[in-house]
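Dropping structure_2.txt in here (compact mmCIF, C-alpha atoms):
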# COMPACT_ATOMS: atom_id res chain seq x y z
CA MET A 1 -14.14 -169.87 45.57
CA THR A 2 -11.34 -170.46 43.14
CA ASN A 3 -12.25 -172.00 39.82
CA ASP A 4 -11.19 -175.68 39.61
CA ALA A 5 -9.30 -175.06 36.36
CA SER A 6 -7.15 -172.26 37.72
CA PRO A 7 -4.32 -172.84 40.19
CA VAL A 8 -4.76 -171.71 43.78
CA VAL A 9 -1.10 -170.68 43.84
CA ALA A 10 0.97 -169.55 40.88
CA LEU A 11 4.45 -168.09 41.42
CA HIS A 12 6.86 -166.99 38.69
CA ASP A 13 10.43 -166.12 39.69
CA ALA A 14 9.19 -164.96 43.08
CA VAL A 15 11.85 -163.15 45.08
CA VAL A 16 11.49 -162.00 48.68
CA ILE A 17 14.24 -159.92 50.25
CA SER A 18 14.07 -158.87 53.88
CA ARG A 19 16.59 -156.40 55.38
CA GLY A 20 18.92 -157.05 52.47
CA PHE A 21 18.81 -160.81 52.89
CA PRO A 22 17.21 -162.95 50.15
CA LEU A 23 14.63 -165.27 51.71
CA LEU A 24 13.32 -166.56 48.38
CA SER A 25 15.51 -166.38 45.28
CA GLY A 26 13.30 -167.02 42.28
CA VAL A 27 10.58 -169.51 43.14
CA ASN A 28 8.32 -171.02 40.48
CA LEU A 29 5.37 -172.95 41.80
CA LYS A 30 1.87 -173.95 40.80
CA LEU A 31 -0.60 -175.58 43.20
CA LEU A 32 -3.99 -176.90 42.13
CA PRO A 33 -7.20 -176.90 44.17
CA ALA A 34 -7.84 -179.81 46.52
CA SER A 35 -4.18 -180.77 46.66
CA LEU A 36 -1.76 -181.51 49.47
CA SER A 37 1.87 -180.39 49.19
CA VAL A 38 4.72 -180.82 51.61
CA VAL A 39 7.58 -178.34 51.47
CA THR A 40 10.75 -179.91 52.83
CA GLY A 41 14.28 -178.72 53.28
CA ALA A 42 16.93 -177.94 55.86
CA ASN A 43 16.72 -175.05 58.31
CA GLY A 44 16.95 -171.77 56.42
CA ALA A 45 15.98 -173.34 53.10
CA GLY A 46 13.07 -170.93 52.76
CA LYS A 47 10.11 -173.12 53.78
CA THR A 48 8.61 -170.65 56.23
CA SER A 49 9.38 -167.72 53.91
CA LEU A 50 7.47 -169.42 51.10
CA LEU A 51 4.46 -170.02 53.35
CA ARG A 52 4.58 -166.44 54.66
CA LEU A 53 4.60 -165.11 51.10
CA LEU A 54 1.57 -167.25 50.24
CA ALA A 55 -0.19 -166.01 53.39
CA GLY A 56 0.36 -162.37 52.45
CA LEU A 57 2.47 -161.88 55.57
CA ASP A 58 5.57 -160.95 53.58
CA ALA A 59 5.65 -158.85 50.43
CA LEU A 60 6.92 -159.95 47.05
CA THR A 61 10.12 -158.06 46.18
CA SER A 62 10.19 -159.04 42.51
CA GLY A 63 8.66 -161.62 40.21
CA ALA A 64 4.96 -162.30 39.92
CA GLY A 65 2.36 -164.44 41.56
CA THR A 66 -1.24 -164.96 42.47
CA VAL A 67 -2.71 -166.70 45.52
CA VAL A 68 -6.44 -167.57 45.56
CA GLY A 69 -6.75 -165.26 42.57
CA ILE A 70 -5.21 -162.25 44.31
CA ASP A 71 -2.14 -160.69 42.71
CA LEU A 72 0.77 -160.67 45.18
CA ALA A 73 2.30 -157.54 43.68
CA SER A 74 -0.73 -155.31 43.28
CA GLY A 75 -3.57 -157.01 45.16
CA ASP A 76 -5.01 -156.28 48.59
CA ARG A 77 -2.85 -158.27 51.02
CA ARG A 78 -5.36 -157.80 53.84
CA GLN A 79 -8.00 -159.45 51.67
CA LEU A 80 -5.59 -162.27 50.87
CA ARG A 81 -4.86 -162.84 54.54
CA ARG A 82 -8.55 -163.25 55.28
CA ARG A 83 -8.82 -166.03 52.69
CA VAL A 84 -5.89 -168.18 53.78
CA GLY A 85 -5.39 -170.05 57.02
CA TRP A 86 -2.01 -169.81 58.70
CA LEU A 87 -0.73 -172.01 61.50
CA GLY A 88 2.77 -171.04 62.57
CA HIS A 89 5.17 -173.20 64.53
CA GLU A 90 5.22 -170.69 67.39
CA GLY A 91 2.27 -170.01 69.65
CA SER A 92 -0.52 -168.45 67.67
CA PHE A 93 -2.93 -167.15 70.25
CA TYR A 94 -3.47 -164.86 73.18
CA ASP A 95 -2.02 -166.80 76.09
CA ASP A 96 -4.22 -165.18 78.74
CA LEU A 97 -7.46 -166.04 76.96
CA SER A 98 -9.15 -169.42 77.11
CA VAL A 99 -9.60 -171.73 74.13
CA ARG A 100 -13.20 -170.55 73.76
CA GLU A 101 -12.30 -166.85 74.07
CA ASN A 102 -9.56 -167.11 71.44
CA LEU A 103 -11.95 -168.80 69.04
CA VAL A 104 -14.76 -166.33 69.76
CA PHE A 105 -12.35 -163.50 68.97
CA ALA A 106 -11.35 -165.13 65.67
CA ALA A 107 -14.96 -165.94 64.75
CA ARG A 108 -16.15 -162.41 65.39
CA ALA A 109 -13.19 -160.91 63.54
CA LEU A 110 -14.03 -163.03 60.51
CA GLU A 111 -17.79 -162.62 60.92
CA ARG A 112 -18.27 -166.35 61.30
CA PRO A 113 -21.01 -167.79 63.50
CA VAL A 114 -19.86 -168.22 67.08
CA ASP A 115 -22.01 -171.32 67.54
CA GLU A 116 -19.64 -173.26 65.24
CA ILE A 117 -16.93 -173.06 67.89
CA VAL A 118 -18.16 -176.02 69.94
CA GLY A 119 -18.17 -178.22 66.84
CA ALA A 120 -14.66 -177.15 65.81
CA VAL A 121 -13.33 -177.77 69.31
CA ALA A 122 -14.98 -181.20 69.40
CA ARG A 123 -13.50 -182.03 65.98
CA VAL A 124 -9.97 -181.52 67.34
CA GLY A 125 -10.68 -183.26 70.65
CA LEU A 126 -10.34 -180.27 72.96
CA GLU A 127 -13.86 -180.28 74.45
CA SER A 128 -12.61 -180.84 77.96
CA ARG A 129 -10.17 -177.92 77.68
CA ILE A 130 -12.49 -175.38 76.09
CA ASP A 131 -12.43 -173.08 79.12
CA THR A 132 -8.74 -173.61 79.88
CA THR A 133 -6.41 -170.65 79.52
CA THR A 134 -4.27 -171.14 76.42
CA LYS A 135 -0.98 -170.81 78.30
CA GLN A 136 -1.96 -173.86 80.34
CA LEU A 137 -2.25 -176.06 77.24
CA SER A 138 0.48 -178.46 76.20
CA ALA A 139 2.28 -177.91 72.89
CA GLY A 140 0.18 -180.62 71.24
CA GLN A 141 -3.05 -179.11 72.55
CA ARG A 142 -2.02 -175.73 71.21
CA ARG A 143 -1.60 -177.34 67.80
CA ARG A 144 -5.11 -178.71 68.09
CA LEU A 145 -6.38 -175.26 69.04
CA GLY A 146 -4.66 -173.94 65.91
CA LEU A 147 -6.52 -176.52 63.86
CA ALA A 148 -9.82 -175.58 65.48
CA TRP A 149 -9.04 -171.96 64.58
CA LEU A 150 -8.55 -173.03 60.94
CA LEU A 151 -11.64 -175.25 60.89
CA LEU A 152 -13.65 -172.29 62.06
CA ARG A 153 -12.20 -170.11 59.33
CA ARG A 154 -12.67 -172.65 56.49
CA PRO A 155 -9.93 -171.08 54.36
CA GLU A 156 -9.39 -171.97 50.72
CA LEU A 157 -5.67 -172.39 51.32
CA TRP A 158 -4.23 -173.95 54.49
CA LEU A 159 -0.62 -173.02 55.25
CA LEU A 160 0.84 -175.09 58.08
CA ASP A 161 4.37 -174.32 59.21
CA GLU A 162 6.00 -177.34 60.88
CA PRO A 163 2.66 -178.69 62.16
CA TYR A 164 4.16 -182.01 63.26
CA ALA A 165 6.60 -180.44 65.70
CA SER A 166 5.79 -181.48 69.27
CA LEU A 167 3.08 -183.92 68.21
CA ASP A 168 3.15 -187.50 69.45
CA ASP A 169 2.20 -190.47 67.25
CA GLU A 170 -1.48 -190.18 68.16
CA GLY A 171 -1.39 -186.48 67.36
CA ARG A 172 0.27 -187.11 63.98
CA THR A 173 -2.30 -189.75 63.06
CA PHE A 174 -5.11 -187.42 64.04
CA PHE A 175 -3.50 -184.59 62.11
CA ASP A 176 -3.09 -186.70 58.96
CA ALA A 177 -6.72 -187.78 59.10
CA LEU A 178 -7.85 -184.19 59.44
CA LEU A 179 -5.67 -183.05 56.54
CA GLY A 180 -7.14 -185.81 54.41
CA ASP A 181 -10.65 -184.59 55.19
CA VAL A 182 -9.69 -180.99 54.47
CA VAL A 183 -8.24 -181.86 51.05
CA ALA A 184 -11.27 -184.03 50.27
CA SER A 185 -13.49 -181.04 51.03
CA GLY A 186 -11.75 -179.09 48.24
CA ALA A 187 -9.23 -176.98 50.15
CA THR A 188 -5.57 -176.76 49.20
CA VAL A 189 -3.07 -177.60 51.92
CA VAL A 190 0.62 -176.71 52.06
CA VAL A 191 2.65 -178.16 54.94
CA SER A 192 6.27 -177.37 55.71
CA ALA A 193 8.30 -180.14 57.33
CA HIS A 194 11.92 -181.14 57.70
CA ASP A 195 11.19 -184.57 56.26
CA PRO A 196 8.61 -185.97 53.83
CA LEU A 197 5.34 -187.07 55.43
CA ARG A 198 5.60 -190.62 56.71
CA SER A 199 1.85 -191.23 56.64
CA GLY A 200 0.69 -193.92 54.25
CA ALA A 201 -2.79 -192.47 54.18
CA LEU A 202 -1.74 -189.26 52.42
CA THR A 203 -0.03 -188.96 49.06
CA PRO A 204 1.25 -185.42 48.97
CA ARG A 205 3.34 -183.69 46.38
CA THR A 206 6.77 -183.11 47.91
CA ILE A 207 8.53 -179.84 47.17
CA VAL A 208 12.22 -179.72 48.10
CA MET A 209 13.72 -176.32 48.88
CA VAL A 210 17.38 -175.36 49.12
CA GLY A 211 18.75 -171.86 49.56
CA GLY A 212 15.48 -170.08 48.88
CA ARG A 213 14.78 -172.00 45.67
CA ILE A 214 12.70 -175.01 44.78
CA LEU A 215 15.08 -177.79 43.88
CA GLY A 216 12.42 -180.18 42.67
CA ALA A 217 8.93 -181.48 43.16
CA ALA A 218 7.64 -185.03 43.09
CA SER A 219 4.29 -186.69 43.67
CA MET B 220 -14.22 -149.95 62.06
CA ILE B 221 -16.32 -149.50 65.20
CA ARG B 222 -17.11 -153.23 65.32
CA THR B 223 -13.39 -154.06 65.12
CA ALA B 224 -12.62 -151.42 67.75
CA LEU B 225 -15.11 -152.90 70.21
CA LEU B 226 -13.85 -156.42 69.49
CA VAL B 227 -10.21 -155.47 70.09
CA ALA B 228 -11.00 -153.36 73.16
CA GLY B 229 -13.03 -156.20 74.67
CA LYS B 230 -10.20 -158.65 74.01
CA ASP B 231 -7.54 -156.37 75.55
CA LEU B 232 -9.64 -155.70 78.64
CA ARG B 233 -10.38 -159.40 79.05
CA ILE B 234 -6.64 -160.15 78.85
CA GLU B 235 -6.07 -157.49 81.48
CA LEU B 236 -8.74 -158.96 83.75
CA ARG B 237 -7.11 -162.39 83.42
CA SER B 238 -3.49 -161.35 83.84
CA ARG B 239 -4.17 -158.79 86.63
CA VAL B 240 -1.07 -156.85 85.59
CA LEU B 241 -2.88 -153.56 86.24
CA LEU B 242 -4.05 -154.61 89.69
CA TRP B 243 -0.89 -156.27 90.97
CA GLN B 244 1.87 -154.39 89.19
CA VAL B 245 0.86 -151.07 87.68
CA VAL B 246 -1.37 -149.56 90.36
CA PRO B 247 0.96 -150.52 93.25
CA PHE B 248 3.88 -149.05 91.30
CA GLY B 249 1.97 -145.78 90.82
CA VAL B 250 0.96 -145.57 94.48
CA MET B 251 4.54 -146.27 95.57
CA ALA B 252 5.79 -143.54 93.24
CA LEU B 253 3.29 -141.07 94.73
CA LEU B 254 4.37 -142.06 98.24
CA LEU B 255 8.01 -141.47 97.31
CA CYS B 256 7.07 -138.08 95.88
CA GLY B 257 5.39 -137.21 99.20
CA LEU B 258 8.46 -138.32 101.15
CA ALA B 259 10.78 -136.37 98.85
CA LEU B 260 8.78 -133.18 99.38
CA GLY B 261 9.02 -133.44 103.16
CA PRO B 262 6.41 -132.68 105.82
CA SER B 263 5.14 -129.31 104.47
CA HIS B 264 1.50 -129.75 103.43
CA ALA B 265 1.46 -126.50 101.46
CA GLY B 266 4.40 -127.60 99.32
CA HIS B 267 2.76 -130.94 98.67
CA SER B 268 -0.44 -129.39 97.45
CA SER B 269 1.14 -126.94 95.02
CA ALA B 270 3.33 -129.64 93.50
CA ALA B 271 0.52 -132.21 93.36
CA PRO B 272 -0.75 -131.60 89.79
CA GLY B 273 2.72 -131.93 88.28
CA LEU B 274 3.61 -134.97 90.37
CA TYR B 275 0.25 -136.58 89.56
CA TYR B 276 0.93 -136.34 85.83
CA LEU B 277 4.57 -137.36 86.23
CA VAL B 278 3.54 -140.57 87.99
CA THR B 279 0.69 -141.11 85.53
CA LEU B 280 3.18 -140.83 82.67
CA LEU B 281 5.48 -143.46 84.21
CA VAL B 282 2.52 -145.76 84.75
CA ALA B 283 1.25 -145.11 81.21
CA LEU B 284 4.62 -146.16 79.72
CA LEU B 285 4.33 -149.52 81.48
CA MET B 286 0.79 -149.97 80.23
CA ILE B 287 1.60 -148.98 76.65
CA ASN B 288 4.45 -151.50 76.48
CA ARG B 289 2.18 -154.14 77.94
CA SER B 290 -0.62 -153.30 75.47
CA GLN B 291 1.74 -153.82 72.52
CA ALA B 292 3.52 -156.85 74.01
CA VAL B 293 0.37 -159.00 73.94
CA GLU B 294 0.29 -158.65 70.15
CA ARG B 295 3.98 -159.06 69.45
CA SER B 296 4.94 -162.66 70.03
CA PRO B 297 5.87 -163.87 66.54
CA GLY B 298 3.17 -166.51 66.21
CA THR B 299 0.38 -164.35 67.59
CA ARG B 300 1.31 -161.48 65.32
CA SER B 301 1.16 -163.64 62.19
CA SER B 302 -2.06 -165.39 63.16
CA ILE B 303 -3.84 -162.17 64.04
CA ALA B 304 -2.57 -160.58 60.83
CA THR B 305 -4.37 -163.30 58.86
CA LEU B 306 -7.66 -162.16 60.41
CA GLY B 307 -7.33 -159.08 58.21
CA LEU B 308 -8.65 -156.69 60.86
CA ASP B 309 -9.19 -153.05 59.90
CA PRO B 310 -6.06 -151.26 61.25
CA ALA B 311 -8.05 -148.14 62.13
CA GLY B 312 -10.41 -150.28 64.18
CA VAL B 313 -7.46 -152.00 65.88
CA PHE B 314 -6.00 -148.59 66.76
CA LEU B 315 -9.29 -147.34 68.20
CA GLY B 316 -9.84 -150.59 70.10
CA LYS B 317 -6.39 -150.65 71.65
CA SER B 318 -6.68 -146.95 72.49
CA LEU B 319 -10.08 -147.51 74.10
CA ALA B 320 -8.81 -150.40 76.23
CA LEU B 321 -5.71 -148.44 77.22
CA ALA B 322 -7.87 -145.41 78.07
CA VAL B 323 -10.08 -147.53 80.35
CA GLU B 324 -7.01 -148.96 82.10
CA LEU B 325 -5.45 -145.50 82.41
CA LEU B 326 -8.68 -144.04 83.78
CA VAL B 327 -8.91 -146.72 86.46
CA THR B 328 -5.29 -146.14 87.43
CA GLY B 329 -5.70 -142.37 87.12
CA LEU B 330 -8.65 -142.36 89.52
CA VAL B 331 -6.71 -144.37 92.09
CA LEU B 332 -3.77 -142.00 91.75
CA LEU B 333 -6.09 -138.98 92.00
CA GLY B 334 -7.31 -140.39 95.31
CA GLY B 335 -3.65 -140.84 96.19
CA THR B 336 -2.90 -137.17 95.59
CA VAL B 337 -5.70 -136.25 98.01
CA LEU B 338 -4.46 -138.64 100.70
CA ILE B 339 -0.70 -138.46 100.19
CA LEU B 340 -0.10 -135.03 98.67
CA HIS B 341 -2.94 -133.29 100.54
CA THR B 342 -4.67 -131.98 97.44
CA ALA B 343 -8.07 -130.39 98.16
CA LEU B 344 -10.79 -132.97 97.44
CA HIS B 345 -13.05 -130.35 95.84
CA GLY B 346 -10.23 -129.23 93.52
CA ALA B 347 -9.49 -132.81 92.54
CA LEU B 348 -13.16 -133.35 91.66
CA VAL B 349 -13.24 -130.15 89.59
CA ALA B 350 -10.10 -131.37 87.78
CA LEU B 351 -11.66 -134.77 87.05
CA PRO B 352 -13.15 -133.95 83.59
CA SER B 353 -9.83 -132.53 82.37
CA VAL B 354 -8.02 -135.58 83.78
CA VAL B 355 -10.36 -137.87 81.82
CA VAL B 356 -9.74 -136.04 78.53
CA THR B 357 -5.98 -135.87 79.13
CA LEU B 358 -5.75 -139.59 79.87
CA CYS B 359 -7.80 -140.43 76.76
CA ALA B 360 -5.40 -138.34 74.66
CA LEU B 361 -2.46 -140.04 76.38
CA ALA B 362 -3.96 -143.43 75.51
CA CYS B 363 -4.30 -142.52 71.82
CA ALA B 364 -0.80 -141.06 71.58
CA GLY B 365 0.59 -144.01 73.52
CA THR B 366 -1.06 -146.56 71.23
CA LEU B 367 0.32 -144.79 68.17
CA TYR B 368 3.86 -144.50 69.53
CA GLY B 369 3.67 -147.96 71.07
CA ALA B 370 3.07 -149.41 67.61
CA LEU B 371 5.93 -147.31 66.26
CA THR B 372 8.45 -148.69 68.74
CA ALA B 373 7.04 -152.19 69.29
CA GLY B 374 9.02 -155.08 67.90
CA GLY B 375 12.28 -153.20 68.11
CA GLU B 376 15.09 -154.52 70.25
CA ALA B 377 14.97 -151.54 72.61
CA ALA B 378 11.25 -150.76 72.56
CA ALA B 379 11.06 -150.02 76.29
CA THR B 380 13.80 -147.40 75.94
CA LEU B 381 12.70 -146.00 72.61
CA LEU B 382 9.10 -145.41 73.63
CA PRO B 383 9.70 -142.65 76.21
CA VAL B 384 12.37 -141.03 74.04
CA LEU B 385 10.19 -140.86 70.92
CA ALA B 386 6.89 -140.23 72.65
CA LEU B 387 8.02 -137.46 74.98
CA PRO B 388 7.47 -134.65 72.44
CA ALA B 389 3.98 -136.05 71.83
CA PHE B 390 3.18 -136.43 75.51
CA ALA B 391 4.59 -133.05 76.56
CA PRO B 392 1.66 -130.84 75.43
CA LEU B 393 -0.77 -133.29 77.03
CA LEU B 394 1.07 -133.27 80.33
CA ILE B 395 1.45 -129.48 80.34
CA GLY B 396 -2.20 -128.99 79.43
CA GLY B 397 -3.35 -131.53 82.00
CA GLU B 398 -1.14 -130.11 84.74
CA ARG B 399 -2.28 -126.55 84.04
CA SER B 400 -5.95 -127.59 84.04
CA PHE B 401 -5.47 -129.45 87.32
CA ASN B 402 -3.69 -126.44 88.80
CA ASP B 403 -6.44 -124.06 87.67
CA ALA B 404 -9.04 -126.39 89.17
CA LEU B 405 -7.23 -126.26 92.51
CA TYR B 406 -6.41 -122.59 92.65
CA GLY B 407 -8.85 -120.97 90.24
CA GLY B 408 -7.99 -119.92 86.72
CA ALA B 409 -9.03 -120.03 83.09
CA LEU B 410 -9.62 -123.77 82.65
CA LEU B 411 -10.96 -123.48 79.12
CA GLY B 412 -7.71 -122.55 77.33
CA TRP B 413 -5.85 -125.64 78.54
CA TRP B 414 -8.88 -127.79 77.90
CA ILE B 415 -8.92 -126.73 74.28
CA ILE B 416 -5.25 -127.67 73.85
CA VAL B 417 -5.84 -131.14 75.26
CA VAL B 418 -9.03 -131.71 73.25
CA VAL B 419 -7.30 -130.62 70.03
CA ALA B 420 -4.42 -132.99 70.82
CA LEU B 421 -6.90 -135.81 71.43
CA VAL B 422 -8.60 -135.23 68.07
CA ALA B 423 -5.22 -134.98 66.31
CA TYR B 424 -3.96 -138.26 67.77
CA VAL B 425 -7.19 -140.08 66.94
CA ALA B 426 -6.95 -138.84 63.34
CA MET B 427 -3.26 -139.74 63.04
CA GLY B 428 -3.87 -143.17 64.51
CA ILE B 429 -6.71 -143.94 62.12
CA LEU B 430 -4.59 -142.89 59.17
CA LEU B 431 -1.20 -144.30 60.18
CA TYR B 432 -1.72 -147.36 62.35
CA GLY B 433 -1.93 -149.74 59.41
CA VAL B 434 1.34 -148.44 57.99
CA LEU B 435 3.05 -148.79 61.37
CA GLU B 436 1.81 -152.35 61.79
CA GLU B 437 3.04 -153.37 58.35
CA THR B 438 6.50 -151.95 58.92
Representation of the structure as structure tokens:
Amino acid sequence: MTNDASPVVALHDAVVISRGFPLLSGVNLKLLPASLSVVTGANGAGKTSLLRLLAGLDALTSGAGTVVGIDLASGDRRQLRRRVGWLGHEGSFYDDLSVRENLVFAARALERPVDEIVGAVARVGLESRIDTTTKQLSAGQRRRLGLAWLLLRRPELWLLDEPYASLDDEGRTFFDALLGDVVASGATVVVSAHDPLRSGALTPRTIVMVGGRILGAAS
Amino acid sequence: MIRTALLVAGKDLRIELRSRVLLWQVVPFGVMALLLCGLALGPSHAGHSSAAPGLYYLVTLLVALLMINRSQAVERSPGTRSSIATLGLDPAGVFLGKSLALAVELLVTGLVLLGGTVLILHTALHGALVALPSVVVTLCALACAGTLYGALTAGGEAAATLLPVLALPAFAPLLIGGERSFNDALYGGALLGWWIIVVVALVAYVAMGILLYGVLEET
């Protein structure tokens, strides 16, 4: 686990260029353990690109940075990916497998005990759908499956890309409660959203992005 | 690596069992293609039999292209790709697992089509049985080459077109070796020489896949 004194995320002038297009144009960011941050901004501001960089899914073009103690420029990105949890705004699973089969696959891939699956599914309220094929789930249920996937993984850093999309009020309340528990357990959570969180229960740090840069941050 | 390979192969075969693409789309397509070959050759049984090995591998190649594209497509939806990437699976194990699953699917289809050559193209049953071991090795090599080239072309805008164009030079020695072995099994000949070519190709594709699959996935 990351030492409490050291940041989970530290970026210095981080630049990511993909196919000649700058996705991030010099990002400086520091995130402490057991914190909740919300990255906001318009479409194309660089929210998803920032999360993908932190997940080790995209490579750093220039600048420097560490995530969970792993150097983004010279470290093992596969190792980094195993230590963060990513929930994208698209579908994240094999559509032809059931909820249980998707989670068994993830658990075995990460060498986690398979018997924790039932508990994770119960925690997100999908017990009755555990043997349902993923493509038959609603968008909100797929989000819950994504959360079960992350609960099973117990990552040090949770990266959630537009997690509130397609959630109803009940789903948002449930999601906020879960995020609160996750932060309380010591994990660091970064959420991207178009708007600041409206929940009164959570007091996140808000990071505003414009044009691939961080415009400002406020608690 | 072996653990990852078995995990990935099991997952791919389970997806296939659920989606029934092999049963309802690929096998009927192959049988229809064989029937059309029989009709194109006309009523002469002798002509059918001598052309059977080449036609068998031609139809198998067409079927294999469908299956290779399908094998890669299940991994390529944007969300799935990112989520699975964060599992940090060993790329060599993923290559072996996908090759193993594709080989099993190709063998099932190949056996049906071999029966089809006996019934439709009037191939001698004894000759087809003698050819069976060489067919198994050829299809395994085709699965490995297909998985490697499938990863190379997957994600591109014209993957379905690019795959046969790029993979043809890789498939050609396999198809020639397989066809010659089948022909020798039917009419008598030195089976061993063609066998060696196919086995060497199989070993080469396994080695290349283990070494290169991770690079192809990252790019």
Show me a table, sorted first by chain and then by increasing residue number, of the residues of chain B having an atom at most 10 Å from chain A, each with its shortest atom pair and the distance in Å to one decimal, counting only C-alpha atoms and written as CSV.
residue,atom,partner,partner_atom,distance
B:Arg222,CA,A:Ala109,CA,8.8
B:Thr223,CA,A:Ala109,CA,7.0
B:Leu226,CA,A:Phe105,CA,7.3
B:Val227,CA,A:Phe105,CA,8.4
B:Gly229,CA,A:Phe105,CA,9.3
B:Lys230,CA,A:Phe105,CA,7.3
B:Asp231,CA,A:Tyr94,CA,9.7
B:Arg233,CA,A:Leu97,CA,7.5
B:Ile234,CA,A:Asp96,CA,5.6
B:Glu235,CA,A:Asp96,CA,8.4
B:Leu236,CA,A:Asp96,CA,9.2
B:Arg237,CA,A:Asp96,CA,6.2
B:Ser238,CA,A:Asp96,CA,6.4
B:Val293,CA,A:Tyr94,CA,7.0
B:Glu294,CA,A:Tyr94,CA,7.9
B:Ser296,CA,A:Gly91,CA,7.8
B:Pro297,CA,A:Glu90,CA,6.9
B:Gly298,CA,A:Ser92,CA,4.4
B:Thr299,CA,A:Ser92,CA,4.2
B:Arg300,CA,A:Ser92,CA,7.6
B:Ser301,CA,A:Leu57,CA,7.0
B:Ser302,CA,A:Ser92,CA,5.7
B:Ile303,CA,A:Ser92,CA,8.0
B:Ala304,CA,A:Arg81,CA,7.1
B:Thr305,CA,A:Arg81,CA,4.4
B:Leu306,CA,A:Arg82,CA,5.3
B:Gly307,CA,A:Arg78,CA,5.0
B:Leu308,CA,A:Ala109,CA,6.8
B:Asp309,CA,A:Arg78,CA,8.6
B:Pro310,CA,A:Arg78,CA,9.9
B:Glu437,CA,A:Leu57,CA,9.0
Query - From B:Ile429, B:Leu330, B:Ala270, B:Val250, residue lying nearest Ala224 of chain B [all atoms listed in the file] - result: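 Selected residue with least distance to Ala224 of chain B: B:Ile429.
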Report task. Would you list the contacts of segment 315-329 of chain B as a PyMOL selection string, taking every protein, DNA or RNA residue within 9 Å and counting all atoms listed in the file, but skipping same-chain residues closer than 5 positions in sequence? Result -> chain B and resi 220-221+223-232+235+241-242+245-246+249+275+279+282-283+286-287+290-291+310+334+354-355+358-367+425+428-429
Report task. Could you jot down the atom CA of Thr336 of chain B to atom CA of Leu382 of chain B separation for me, Å, one decimal place? Result -> 26.3 Å
Query raised in the report: What lies within 9 Å of segment 13-18 of chain A using only C-alpha atoms, ignoring chain neighbours under 3 positions off, as a VMD selection string?
Result: chain A and resid 21 to 29 49 to 50 53 58 to 65 212
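Neighbours of Leu411 of chain B closer than or equal to 9 Å, with only C-alpha atoms counted and sequence neighbours fewer than 4 positions away skipped, come out as Ser400, Ile415 and Ile416 of chain B.
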Query raised in the report: atom CA of Ala343 of chain B to atom CA of Gln244 of chain B: how many Å, to one decimal?
Result: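 For atom CA of Ala343 of chain B relative to atom CA of Gln244 of chain B, the distance reads 27.5 Å.
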Requested in this report: Take atom CA of Val418 of chain B and atom CA of Leu394 of chain B and report the distance between them in Å, one decimal.
Outcome: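 Atom CA of Leu394 of chain B lies at a distance of 12.4 Å from atom CA of Val418 of chain B.
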